Amino acid sequence: MEEVIKIKGGKLLNGTIRVSGAKNATVALIPAAVLAYGKVKIVGIPNISDVNSLKDILEYMDVKVTTPNVDEIVIDTTNMENKPLVIDAVSKLRASYYFMGALLGKYKHVVIRMPGGCNLGPRPIDLHIKGFEALGAKIEYDNGNYILTADELTGANIYLDFASVGATINILMAAVYAKGRTLIENAAREPEIIDCINLLNKMGARIRGGGTSTIVIDGVEKLDGCFHEIIPDRIEAGTYIILAAAMGEHVIIENVIPYHLDSLLSKLKEIGVNITFSFDQVEIYKTDTPYECTNVKTMPFPGYATDLQAPLTALLTQAIGNSKITETIYSERFKHCQELNKMGANIILGPASATVVGPTKLTGGNVKATDLRCGAALVVAGLIAEGTTTIHDIYHIDRGYEDIVAKLSALGADIYRENI
Ligand code: EPZ
């Protein structure tokens with residue numbers, strides 16, 4: 001038996017859809033919480049499978065995890081034990097590598113299995129390792145596991161060759177207890193990094209420059225528990241905004257920070273989407289004018305988010321003319337194109353790029369989510385397509401979109417899960 005998502009396309013959507021807490025903040029904040037000597041309460045946690053994998057890892061280390069409400073987690077490290085993280089849960093998500101920085105920072109010793117995660121092409125962690133070594137750690141790689149050890153961690157000046165989100169967060173977590181000052185230059189500026197820094201500063205860390213390319217961390221002796229509310233998920237929000245642009249008659253997306261979506265909102269206006277926004281929501285109205293093609297190049301924040309490239313590609317199959325999509329983050333992140341072409345799209349792949357020839361009529365069929373955001377693109381395409389679309393391997397979608405079937409059904413979509 002396999003669980004699939006089925007969508008009967010062509011229906012216009014109306015109503016309000018609420019965005020959940022940010023997955024890519026959550027998967028950093030939960031590991032960061034282990035740096036505290038005390039209870040950390042985080043609210044606004046999305047109900048997604050990645051959170052369950054992280055809970056399994058925490059409980060394996062005898063961290064006490066309670067969930068007073070479905071969107072709240074309390075992490076108590078009083079009886080925590082720094083065990084080798086070689087359990088299956090570690091391989092279920094790439095973000096388990098944040099335990100490298102957190103455990104190195106707290107215990108100066110970590111054993112952890114190589115991270116897992118979406119199949120987006122090469123996903124090295126050389127920049128993370130470079131940062132840990134600069135702080136004084138020795139790194140060994142043995143039989144699929146990383147072993148990180150340090151007599152002590154000393155502040156250093158670290159330049160990132162690429163503004164890597166993961167490396168920025170991992171290094172700053174290792175640096176919070178280092179002696180002296182650490183500078184991370186060419187740091188990534190994503191909102192999820194700012195959210196992680198806000199949590200750590202509430203715990204007593206001394207980190208400045210979040211959201212800029214230069215982050216300064218002054219090491220401290222001890223971090224305490226705290227309370228924190230997670231930022232909304234800008235990628236979930238962006239996915240639903242794109243979906244509303246595709247099939248919305250009048251759709252409101254609430255719990256949004258528009259500043260986090262500047263690049264997407266500009267692109268959608270460029271192609272002719274009737275979009276307005278206030279301080280915490282975005283409103284889409286159907287237009288009778290067909291959308292125009294556009295060119296998109298993915299960049300680190302505040303540029304166009306690579307995680308919104310696949311969903312936008314699905315929408316651009318309906319635009320008039322040729323849209324050129326260029327990936328500067330993950331050169332192979334185009335597996336969704338072959339699935340969209342199965343539905344009638346006309347997408348031609350090039351080096352780290354794709355050209356979407358539009359408009360094309362999409363017809364429902366059997367397609368496969370090859371990764372989380374490909375799954376999102378197929379949901380957008382399924383809502384547009386004539387007939388029924390069956391999406392396989394939907395576990396990818398459940399990693400990052402809380403209650404997607406319920407949320408879209410509430411907008412009038414004919415979408416349901418089925419065991420086949
Ligand atoms: C984060 O991944 C996100 N994941 C990704 O979202 C997102 O696509 C990506 O940032 C870019 O925005 C989480 O936050 C859990 P990177 P991360 O380090 O940290 C290269 C989703 O769909 N690189 O910024 O792994 C790397 O190969 C996921 O929610 C190195 O070369 O991204 C890639 O080309 C998918 N060496 C580029 O940098 C390194 O040591 C971006 O990677 C690290 C990265």
# chains A, B, ... in the order shown; residues from 1 in each chain; ligands from 1
>>> residues_near_ligand(ligand="ligand 1", cutoff="9 Å", atoms="only C-alpha atoms and all ligand atoms", output="number ranges by chain")
A: 23-28, 93-96, 117-130, 160-169, 188, 190, 192-193, 235, 299-301, 305-308, 328-331, 371-374, 399-400
>>> select_by_dssp(residues="region 194-296 of chain A", states="helix (DSSP H, G or I)", output="VMD selection string")
chain A and resid 194 to 202 234 to 247 258 to 271
>>> closest_residue(among="A:Glu292, A:Asp398, A:Glu283, A:Asp233", to="Ala319 (chain A)", atoms="only C-alpha atoms")
A:Glu292
>>> select_by_dssp(residues="region 69-114 of chain A", states="strand (DSSP E)", output="PyMOL selection string")
chain A and resi 72-76+109-113
>>> write_last_selection(atoms="all heavy atoms", output="compact mmCIF listing (two decimals), in the first residue's frame")
# COMPACT_ATOMS: atom_id res chain seq x y z
N GLU A 72 3.63 23.55 20.21
CA GLU A 72 4.59 24.00 21.22
C GLU A 72 5.54 22.86 21.58
O GLU A 72 5.14 21.70 21.57
CB GLU A 72 3.86 24.42 22.50
CG GLU A 72 3.02 25.67 22.37
CD GLU A 72 2.34 26.02 23.70
OE1 GLU A 72 2.60 25.33 24.72
OE2 GLU A 72 1.55 26.96 23.72
N ILE A 73 6.77 23.20 21.89
CA ILE A 73 7.71 22.18 22.36
C ILE A 73 8.51 22.77 23.52
O ILE A 73 8.89 23.94 23.49
CB ILE A 73 8.66 21.74 21.20
CG1 ILE A 73 9.51 20.53 21.60
CG2 ILE A 73 9.55 22.88 20.74
CD1 ILE A 73 10.26 19.91 20.41
N VAL A 74 8.69 21.94 24.58
CA VAL A 74 9.54 22.38 25.71
C VAL A 74 10.72 21.41 25.76
O VAL A 74 10.52 20.19 25.83
CB VAL A 74 8.76 22.37 27.04
CG1 VAL A 74 9.68 22.82 28.19
CG2 VAL A 74 7.54 23.30 26.95
N ILE A 75 11.91 21.96 25.70
CA ILE A 75 13.14 21.14 25.65
C ILE A 75 13.92 21.36 26.93
O ILE A 75 14.29 22.50 27.26
CB ILE A 75 13.98 21.56 24.42
CG1 ILE A 75 13.21 21.21 23.13
CG2 ILE A 75 15.35 20.90 24.42
CD1 ILE A 75 13.75 21.85 21.88
N ASP A 76 14.12 20.26 27.70
CA ASP A 76 14.80 20.36 29.00
C ASP A 76 16.05 19.49 28.97
O ASP A 76 15.96 18.26 28.91
CB ASP A 76 13.83 19.88 30.10
CG ASP A 76 14.48 19.99 31.49
OD1 ASP A 76 15.70 20.24 31.55
OD2 ASP A 76 13.77 19.79 32.49
N HIS A 109 32.81 17.78 21.81
CA HIS A 109 32.98 16.44 21.23
C HIS A 109 31.67 15.99 20.61
O HIS A 109 30.59 16.12 21.25
CB HIS A 109 33.40 15.43 22.32
CG HIS A 109 33.53 14.04 21.78
ND1 HIS A 109 34.57 13.67 20.94
CD2 HIS A 109 32.75 12.94 21.92
CE1 HIS A 109 34.41 12.39 20.61
NE2 HIS A 109 33.32 11.92 21.19
N VAL A 110 31.71 15.53 19.36
CA VAL A 110 30.50 15.08 18.67
C VAL A 110 30.84 13.87 17.80
O VAL A 110 31.89 13.86 17.14
CB VAL A 110 29.96 16.16 17.69
CG1 VAL A 110 28.56 15.78 17.21
CG2 VAL A 110 29.98 17.54 18.29
N VAL A 111 29.96 12.86 17.83
CA VAL A 111 30.02 11.80 16.82
C VAL A 111 28.66 11.80 16.14
O VAL A 111 27.62 11.72 16.83
CB VAL A 111 30.29 10.42 17.45
CG1 VAL A 111 30.27 9.33 16.37
CG2 VAL A 111 31.62 10.42 18.20
N ILE A 112 28.63 11.96 14.82
CA ILE A 112 27.34 12.06 14.13
C ILE A 112 27.44 11.48 12.72
O ILE A 112 28.44 11.64 12.03
CB ILE A 112 26.85 13.54 14.07
CG1 ILE A 112 25.44 13.63 13.48
CG2 ILE A 112 27.84 14.42 13.31
CD1 ILE A 112 24.78 14.98 13.68
N ARG A 113 26.36 10.81 12.32
CA ARG A 113 26.28 10.21 10.97
C ARG A 113 26.16 11.33 9.94
O ARG A 113 25.59 12.37 10.21
CB ARG A 113 25.05 9.30 10.92
CG ARG A 113 24.91 8.53 9.60
CD ARG A 113 23.67 7.66 9.60
NE ARG A 113 23.87 6.45 10.41
CZ ARG A 113 22.90 5.54 10.59
NH1 ARG A 113 21.71 5.74 10.08
NH2 ARG A 113 23.13 4.47 11.30
>>> residues_around(residues="Asn145 (chain A)", least_positions_apart="5", cutoff="12 Å", atoms="only C-alpha atoms", output="mmCIF file with N, CA and C atoms, in the first residue's frame")
data_model
loop_
_atom_site.group_PDB
_atom_site.id
_atom_site.type_symbol
_atom_site.label_atom_id
_atom_site.label_comp_id
_atom_site.auth_asym_id
_atom_site.auth_seq_id
_atom_site.Cartn_x
_atom_site.Cartn_y
_atom_site.Cartn_z
ATOM 1 N N PRO A 84 26.750 9.252 20.787
ATOM 2 C CA PRO A 84 27.045 9.266 19.338
ATOM 3 C C PRO A 84 25.741 9.242 18.544
ATOM 4 N N LEU A 85 25.558 10.207 17.667
ATOM 5 C CA LEU A 85 24.306 10.288 16.891
ATOM 6 C C LEU A 85 24.446 9.464 15.611
ATOM 7 N N VAL A 86 24.281 8.172 15.776
ATOM 8 C CA VAL A 86 24.408 7.269 14.618
ATOM 9 C C VAL A 86 23.091 6.525 14.399
ATOM 10 N N ILE A 87 21.983 7.119 14.890
ATOM 11 C CA ILE A 87 20.661 6.469 14.762
ATOM 12 C C ILE A 87 19.997 6.876 13.441
ATOM 13 N N VAL A 90 18.785 10.459 12.312
ATOM 14 C CA VAL A 90 19.766 11.457 11.844
ATOM 15 C C VAL A 90 19.784 11.514 10.316
ATOM 16 N N SER A 91 19.546 10.362 9.692
ATOM 17 C CA SER A 91 19.621 10.317 8.219
ATOM 18 C C SER A 91 18.340 10.799 7.551
ATOM 19 N N TYR A 97 22.423 17.975 10.860
ATOM 20 C CA TYR A 97 23.829 18.376 11.016
ATOM 21 C C TYR A 97 23.968 19.585 11.937
ATOM 22 N N MET A 100 25.874 19.115 15.022
ATOM 23 C CA MET A 100 27.348 19.221 15.001
ATOM 24 C C MET A 100 27.754 20.494 15.744
ATOM 25 N N VAL A 110 31.713 15.534 19.360
ATOM 26 C CA VAL A 110 30.501 15.077 18.668
ATOM 27 C C VAL A 110 30.843 13.871 17.803
ATOM 28 N N VAL A 111 29.965 12.862 17.832
ATOM 29 C CA VAL A 111 30.020 11.799 16.818
ATOM 30 C C VAL A 111 28.656 11.796 16.135
ATOM 31 N N ILE A 112 28.631 11.961 14.821
ATOM 32 C CA ILE A 112 27.335 12.062 14.128
ATOM 33 C C ILE A 112 27.437 11.481 12.721
ATOM 34 N N ARG A 113 26.361 10.807 12.323
ATOM 35 C CA ARG A 113 26.285 10.206 10.973
ATOM 36 C C ARG A 113 26.156 11.327 9.939
ATOM 37 N N MET A 114 26.688 11.101 8.759
ATOM 38 C CA MET A 114 26.603 12.072 7.641
ATOM 39 C C MET A 114 25.134 12.443 7.431
ATOM 40 N N PRO A 115 24.820 13.748 7.241
ATOM 41 C CA PRO A 115 23.422 14.170 7.122
ATOM 42 C C PRO A 115 22.723 13.595 5.891
ATOM 43 N N GLY A 116 21.433 13.463 5.993
ATOM 44 C CA GLY A 116 20.610 12.995 4.875
ATOM 45 C C GLY A 116 20.031 14.194 4.141
ATOM 46 N N ILE A 139 38.564 17.404 13.014
ATOM 47 C CA ILE A 139 37.453 16.676 12.377
ATOM 48 C C ILE A 139 37.994 15.383 11.771
ATOM 49 N N GLU A 140 37.371 14.261 12.117
ATOM 50 C CA GLU A 140 37.709 12.991 11.464
ATOM 51 C C GLU A 140 36.438 12.448 10.826
#
>>> residues_around(residues="Leu35 (chain A)", least_positions_apart="3", cutoff="8 Å", atoms="only C-alpha atoms", output="list in words")
Pro31, Ala32, Ala102, Leu103, Gly105, Lys106 and Leu223 of chain A
>>> decode(residues="region 358-395 of chain A", atoms="N, CA, C and O atoms", output="PDB file, in the first residue's frame")
ATOM      1  N   GLY A 358       5.497  28.680 -22.736  1.00  0.00           N
ATOM      2  CA  GLY A 358       4.091  28.705 -22.336  1.00  0.00           C
ATOM      3  C   GLY A 358       3.248  29.483 -23.321  1.00  0.00           C
ATOM      4  O   GLY A 358       3.769  30.141 -24.215  1.00  0.00           O
ATOM      5  N   PRO A 359       1.902  29.429 -23.195  1.00  0.00           N
ATOM      6  CA  PRO A 359       1.235  28.603 -22.176  1.00  0.00           C
ATOM      7  C   PRO A 359       1.009  27.194 -22.703  1.00  0.00           C
ATOM      8  O   PRO A 359       0.950  26.986 -23.930  1.00  0.00           O
ATOM      9  N   THR A 360       0.918  26.209 -21.808  1.00  0.00           N
ATOM     10  CA  THR A 360       0.602  24.826 -22.220  1.00  0.00           C
ATOM     11  C   THR A 360      -0.570  24.327 -21.376  1.00  0.00           C
ATOM     12  O   THR A 360      -0.709  24.688 -20.209  1.00  0.00           O
ATOM     13  N   LYS A 361      -1.371  23.470 -21.981  1.00  0.00           N
ATOM     14  CA  LYS A 361      -2.494  22.859 -21.267  1.00  0.00           C
ATOM     15  C   LYS A 361      -1.945  21.714 -20.418  1.00  0.00           C
ATOM     16  O   LYS A 361      -1.202  20.872 -20.922  1.00  0.00           O
ATOM     17  N   LEU A 362      -2.255  21.713 -19.148  1.00  0.00           N
ATOM     18  CA  LEU A 362      -1.801  20.619 -18.278  1.00  0.00           C
ATOM     19  C   LEU A 362      -2.934  19.619 -18.084  1.00  0.00           C
ATOM     20  O   LEU A 362      -4.101  19.994 -17.919  1.00  0.00           O
ATOM     21  N   THR A 363      -2.565  18.325 -18.151  1.00  0.00           N
ATOM     22  CA  THR A 363      -3.552  17.261 -17.957  1.00  0.00           C
ATOM     23  C   THR A 363      -3.104  16.375 -16.804  1.00  0.00           C
ATOM     24  O   THR A 363      -1.910  16.073 -16.676  1.00  0.00           O
ATOM     25  N   GLY A 364      -4.047  16.031 -15.962  1.00  0.00           N
ATOM     26  CA  GLY A 364      -3.728  15.210 -14.785  1.00  0.00           C
ATOM     27  C   GLY A 364      -3.107  13.878 -15.180  1.00  0.00           C
ATOM     28  O   GLY A 364      -3.354  13.363 -16.259  1.00  0.00           O
ATOM     29  N   GLY A 365      -2.279  13.337 -14.286  1.00  0.00           N
ATOM     30  CA  GLY A 365      -1.665  12.027 -14.553  1.00  0.00           C
ATOM     31  C   GLY A 365      -0.945  11.545 -13.304  1.00  0.00           C
ATOM     32  O   GLY A 365      -1.087  12.120 -12.228  1.00  0.00           O
ATOM     33  N   ASN A 366      -0.142  10.485 -13.463  1.00  0.00           N
ATOM     34  CA  ASN A 366       0.641   9.947 -12.348  1.00  0.00           C
ATOM     35  C   ASN A 366       2.001  10.632 -12.317  1.00  0.00           C
ATOM     36  O   ASN A 366       2.755  10.545 -13.284  1.00  0.00           O
ATOM     37  N   VAL A 367       2.303  11.294 -11.226  1.00  0.00           N
ATOM     38  CA  VAL A 367       3.603  11.987 -11.112  1.00  0.00           C
ATOM     39  C   VAL A 367       4.216  11.672  -9.752  1.00  0.00           C
ATOM     40  O   VAL A 367       3.537  11.184  -8.850  1.00  0.00           O
ATOM     41  N   LYS A 368       5.513  11.988  -9.623  1.00  0.00           N
ATOM     42  CA  LYS A 368       6.247  11.626  -8.400  1.00  0.00           C
ATOM     43  C   LYS A 368       6.942  12.849  -7.802  1.00  0.00           C
ATOM     44  O   LYS A 368       7.615  13.591  -8.523  1.00  0.00           O
ATOM     45  N   ALA A 369       6.760  13.011  -6.497  1.00  0.00           N
ATOM     46  CA  ALA A 369       7.487  14.085  -5.801  1.00  0.00           C
ATOM     47  C   ALA A 369       8.922  13.606  -5.600  1.00  0.00           C
ATOM     48  O   ALA A 369       9.172  12.673  -4.837  1.00  0.00           O
ATOM     49  N   THR A 370       9.869  14.206  -6.288  1.00  0.00           N
ATOM     50  CA  THR A 370      11.269  13.760  -6.154  1.00  0.00           C
ATOM     51  C   THR A 370      11.942  14.424  -4.949  1.00  0.00           C
ATOM     52  O   THR A 370      12.963  13.973  -4.464  1.00  0.00           O
ATOM     53  N   ASP A 371      11.372  15.563  -4.503  1.00  0.00           N
ATOM     54  CA  ASP A 371      11.846  16.221  -3.288  1.00  0.00           C
ATOM     55  C   ASP A 371      10.708  17.121  -2.799  1.00  0.00           C
ATOM     56  O   ASP A 371       9.674  17.235  -3.453  1.00  0.00           O
ATOM     57  N   LEU A 372      10.943  17.771  -1.689  1.00  0.00           N
ATOM     58  CA  LEU A 372       9.904  18.556  -1.017  1.00  0.00           C
ATOM     59  C   LEU A 372       9.288  19.610  -1.925  1.00  0.00           C
ATOM     60  O   LEU A 372       8.069  19.701  -2.096  1.00  0.00           O
ATOM     61  N   ARG A 373      10.119  20.402  -2.606  1.00  0.00           N
ATOM     62  CA  ARG A 373       9.569  21.527  -3.371  1.00  0.00           C
ATOM     63  C   ARG A 373       9.076  21.077  -4.743  1.00  0.00           C
ATOM     64  O   ARG A 373       8.192  21.701  -5.331  1.00  0.00           O
ATOM     65  N   CYS A 374       9.584  19.935  -5.236  1.00  0.00           N
ATOM     66  CA  CYS A 374       9.018  19.329  -6.451  1.00  0.00           C
ATOM     67  C   CYS A 374       7.589  18.920  -6.136  1.00  0.00           C
ATOM     68  O   CYS A 374       6.664  19.173  -6.901  1.00  0.00           O
ATOM     69  N   GLY A 375       7.393  18.350  -4.956  1.00  0.00           N
ATOM     70  CA  GLY A 375       6.046  17.952  -4.519  1.00  0.00           C
ATOM     71  C   GLY A 375       5.111  19.146  -4.522  1.00  0.00           C
ATOM     72  O   GLY A 375       3.968  19.064  -4.997  1.00  0.00           O
ATOM     73  N   ALA A 376       5.625  20.287  -4.038  1.00  0.00           N
ATOM     74  CA  ALA A 376       4.810  21.513  -3.998  1.00  0.00           C
ATOM     75  C   ALA A 376       4.447  21.957  -5.415  1.00  0.00           C
ATOM     76  O   ALA A 376       3.299  22.327  -5.701  1.00  0.00           O
ATOM     77  N   ALA A 377       5.409  21.848  -6.314  1.00  0.00           N
ATOM     78  CA  ALA A 377       5.172  22.244  -7.718  1.00  0.00           C
ATOM     79  C   ALA A 377       4.092  21.362  -8.342  1.00  0.00           C
ATOM     80  O   ALA A 377       3.243  21.835  -9.111  1.00  0.00           O
ATOM     81  N   LEU A 378       4.091  20.089  -7.976  1.00  0.00           N
ATOM     82  CA  LEU A 378       3.109  19.157  -8.547  1.00  0.00           C
ATOM     83  C   LEU A 378       1.713  19.420  -7.992  1.00  0.00           C
ATOM     84  O   LEU A 378       0.702  19.199  -8.672  1.00  0.00           O
ATOM     85  N   VAL A 379       1.635  19.925  -6.756  1.00  0.00           N
ATOM     86  CA  VAL A 379       0.334  20.317  -6.198  1.00  0.00           C
ATOM     87  C   VAL A 379      -0.198  21.519  -6.991  1.00  0.00           C
ATOM     88  O   VAL A 379      -1.359  21.533  -7.412  1.00  0.00           O
ATOM     89  N   VAL A 380       0.679  22.501  -7.255  1.00  0.00           N
ATOM     90  CA  VAL A 380       0.262  23.672  -8.049  1.00  0.00           C
ATOM     91  C   VAL A 380      -0.229  23.210  -9.420  1.00  0.00           C
ATOM     92  O   VAL A 380      -1.320  23.570  -9.875  1.00  0.00           O
ATOM     93  N   ALA A 381       0.571  22.337 -10.054  1.00  0.00           N
ATOM     94  CA  ALA A 381       0.209  21.852 -11.404  1.00  0.00           C
ATOM     95  C   ALA A 381      -1.079  21.031 -11.369  1.00  0.00           C
ATOM     96  O   ALA A 381      -1.938  21.147 -12.251  1.00  0.00           O
ATOM     97  N   GLY A 382      -1.250  20.238 -10.322  1.00  0.00           N
ATOM     98  CA  GLY A 382      -2.460  19.405 -10.204  1.00  0.00           C
ATOM     99  C   GLY A 382      -3.713  20.248 -10.078  1.00  0.00           C
ATOM    100  O   GLY A 382      -4.778  19.904 -10.612  1.00  0.00           O
ATOM    101  N   LEU A 383      -3.596  21.382  -9.392  1.00  0.00           N
ATOM    102  CA  LEU A 383      -4.754  22.281  -9.235  1.00  0.00           C
ATOM    103  C   LEU A 383      -5.110  22.946 -10.566  1.00  0.00           C
ATOM    104  O   LEU A 383      -6.270  23.247 -10.839  1.00  0.00           O
ATOM    105  N   ILE A 384      -4.082  23.162 -11.395  1.00  0.00           N
ATOM    106  CA  ILE A 384      -4.297  23.801 -12.709  1.00  0.00           C
ATOM    107  C   ILE A 384      -4.844  22.794 -13.720  1.00  0.00           C
ATOM    108  O   ILE A 384      -5.739  23.079 -14.507  1.00  0.00           O
ATOM    109  N   ALA A 385      -4.326  21.545 -13.652  1.00  0.00           N
ATOM    110  CA  ALA A 385      -4.545  20.552 -14.727  1.00  0.00           C
ATOM    111  C   ALA A 385      -6.012  20.135 -14.856  1.00  0.00           C
ATOM    112  O   ALA A 385      -6.767  20.133 -13.878  1.00  0.00           O
ATOM    113  N   GLU A 386      -6.356  19.753 -16.050  1.00  0.00           N
ATOM    114  CA  GLU A 386      -7.675  19.145 -16.301  1.00  0.00           C
ATOM    115  C   GLU A 386      -7.574  17.670 -15.908  1.00  0.00           C
ATOM    116  O   GLU A 386      -6.571  17.013 -16.183  1.00  0.00           O
ATOM    117  N   GLY A 387      -8.594  17.185 -15.211  1.00  0.00           N
ATOM    118  CA  GLY A 387      -8.567  15.773 -14.808  1.00  0.00           C
ATOM    119  C   GLY A 387      -7.878  15.579 -13.457  1.00  0.00           C
ATOM    120  O   GLY A 387      -7.584  16.545 -12.742  1.00  0.00           O
ATOM    121  N   THR A 388      -7.605  14.306 -13.172  1.00  0.00           N
ATOM    122  CA  THR A 388      -7.068  13.975 -11.839  1.00  0.00           C
ATOM    123  C   THR A 388      -5.573  13.722 -11.889  1.00  0.00           C
ATOM    124  O   THR A 388      -5.089  12.976 -12.747  1.00  0.00           O
ATOM    125  N   THR A 389      -4.868  14.355 -10.967  1.00  0.00           N
ATOM    126  CA  THR A 389      -3.418  14.134 -10.821  1.00  0.00           C
ATOM    127  C   THR A 389      -3.181  13.295  -9.576  1.00  0.00           C
ATOM    128  O   THR A 389      -3.761  13.571  -8.521  1.00  0.00           O
ATOM    129  N   THR A 390      -2.372  12.251  -9.710  1.00  0.00           N
ATOM    130  CA  THR A 390      -1.999  11.426  -8.555  1.00  0.00           C
ATOM    131  C   THR A 390      -0.522  11.644  -8.268  1.00  0.00           C
ATOM    132  O   THR A 390       0.319  11.389  -9.137  1.00  0.00           O
ATOM    133  N   ILE A 391      -0.241  12.153  -7.071  1.00  0.00           N
ATOM    134  CA  ILE A 391       1.157  12.445  -6.691  1.00  0.00           C
ATOM    135  C   ILE A 391       1.662  11.326  -5.782  1.00  0.00           C
ATOM    136  O   ILE A 391       1.064  11.040  -4.733  1.00  0.00           O
ATOM    137  N   HIS A 392       2.752  10.682  -6.202  1.00  0.00           N
ATOM    138  CA  HIS A 392       3.374   9.599  -5.417  1.00  0.00           C
ATOM    139  C   HIS A 392       4.528  10.192  -4.587  1.00  0.00           C
ATOM    140  O   HIS A 392       4.940  11.330  -4.805  1.00  0.00           O
ATOM    141  N   ASP A 393       5.016   9.371  -3.629  1.00  0.00           N
ATOM    142  CA  ASP A 393       6.142   9.753  -2.745  1.00  0.00           C
ATOM    143  C   ASP A 393       5.842  11.049  -1.993  1.00  0.00           C
ATOM    144  O   ASP A 393       6.681  11.952  -1.899  1.00  0.00           O
ATOM    145  N   ILE A 394       4.615  11.108  -1.463  1.00  0.00           N
ATOM    146  CA  ILE A 394       4.193  12.357  -0.806  1.00  0.00           C
ATOM    147  C   ILE A 394       4.827  12.558   0.568  1.00  0.00           C
ATOM    148  O   ILE A 394       4.665  13.606   1.187  1.00  0.00           O
ATOM    149  N   TYR A 395       5.639  11.588   1.021  1.00  0.00           N
ATOM    150  CA  TYR A 395       6.339  11.803   2.310  1.00  0.00           C
ATOM    151  C   TYR A 395       7.244  13.025   2.220  1.00  0.00           C
ATOM    152  O   TYR A 395       7.483  13.722   3.192  1.00  0.00           O
TER     153      TYR A 395
END
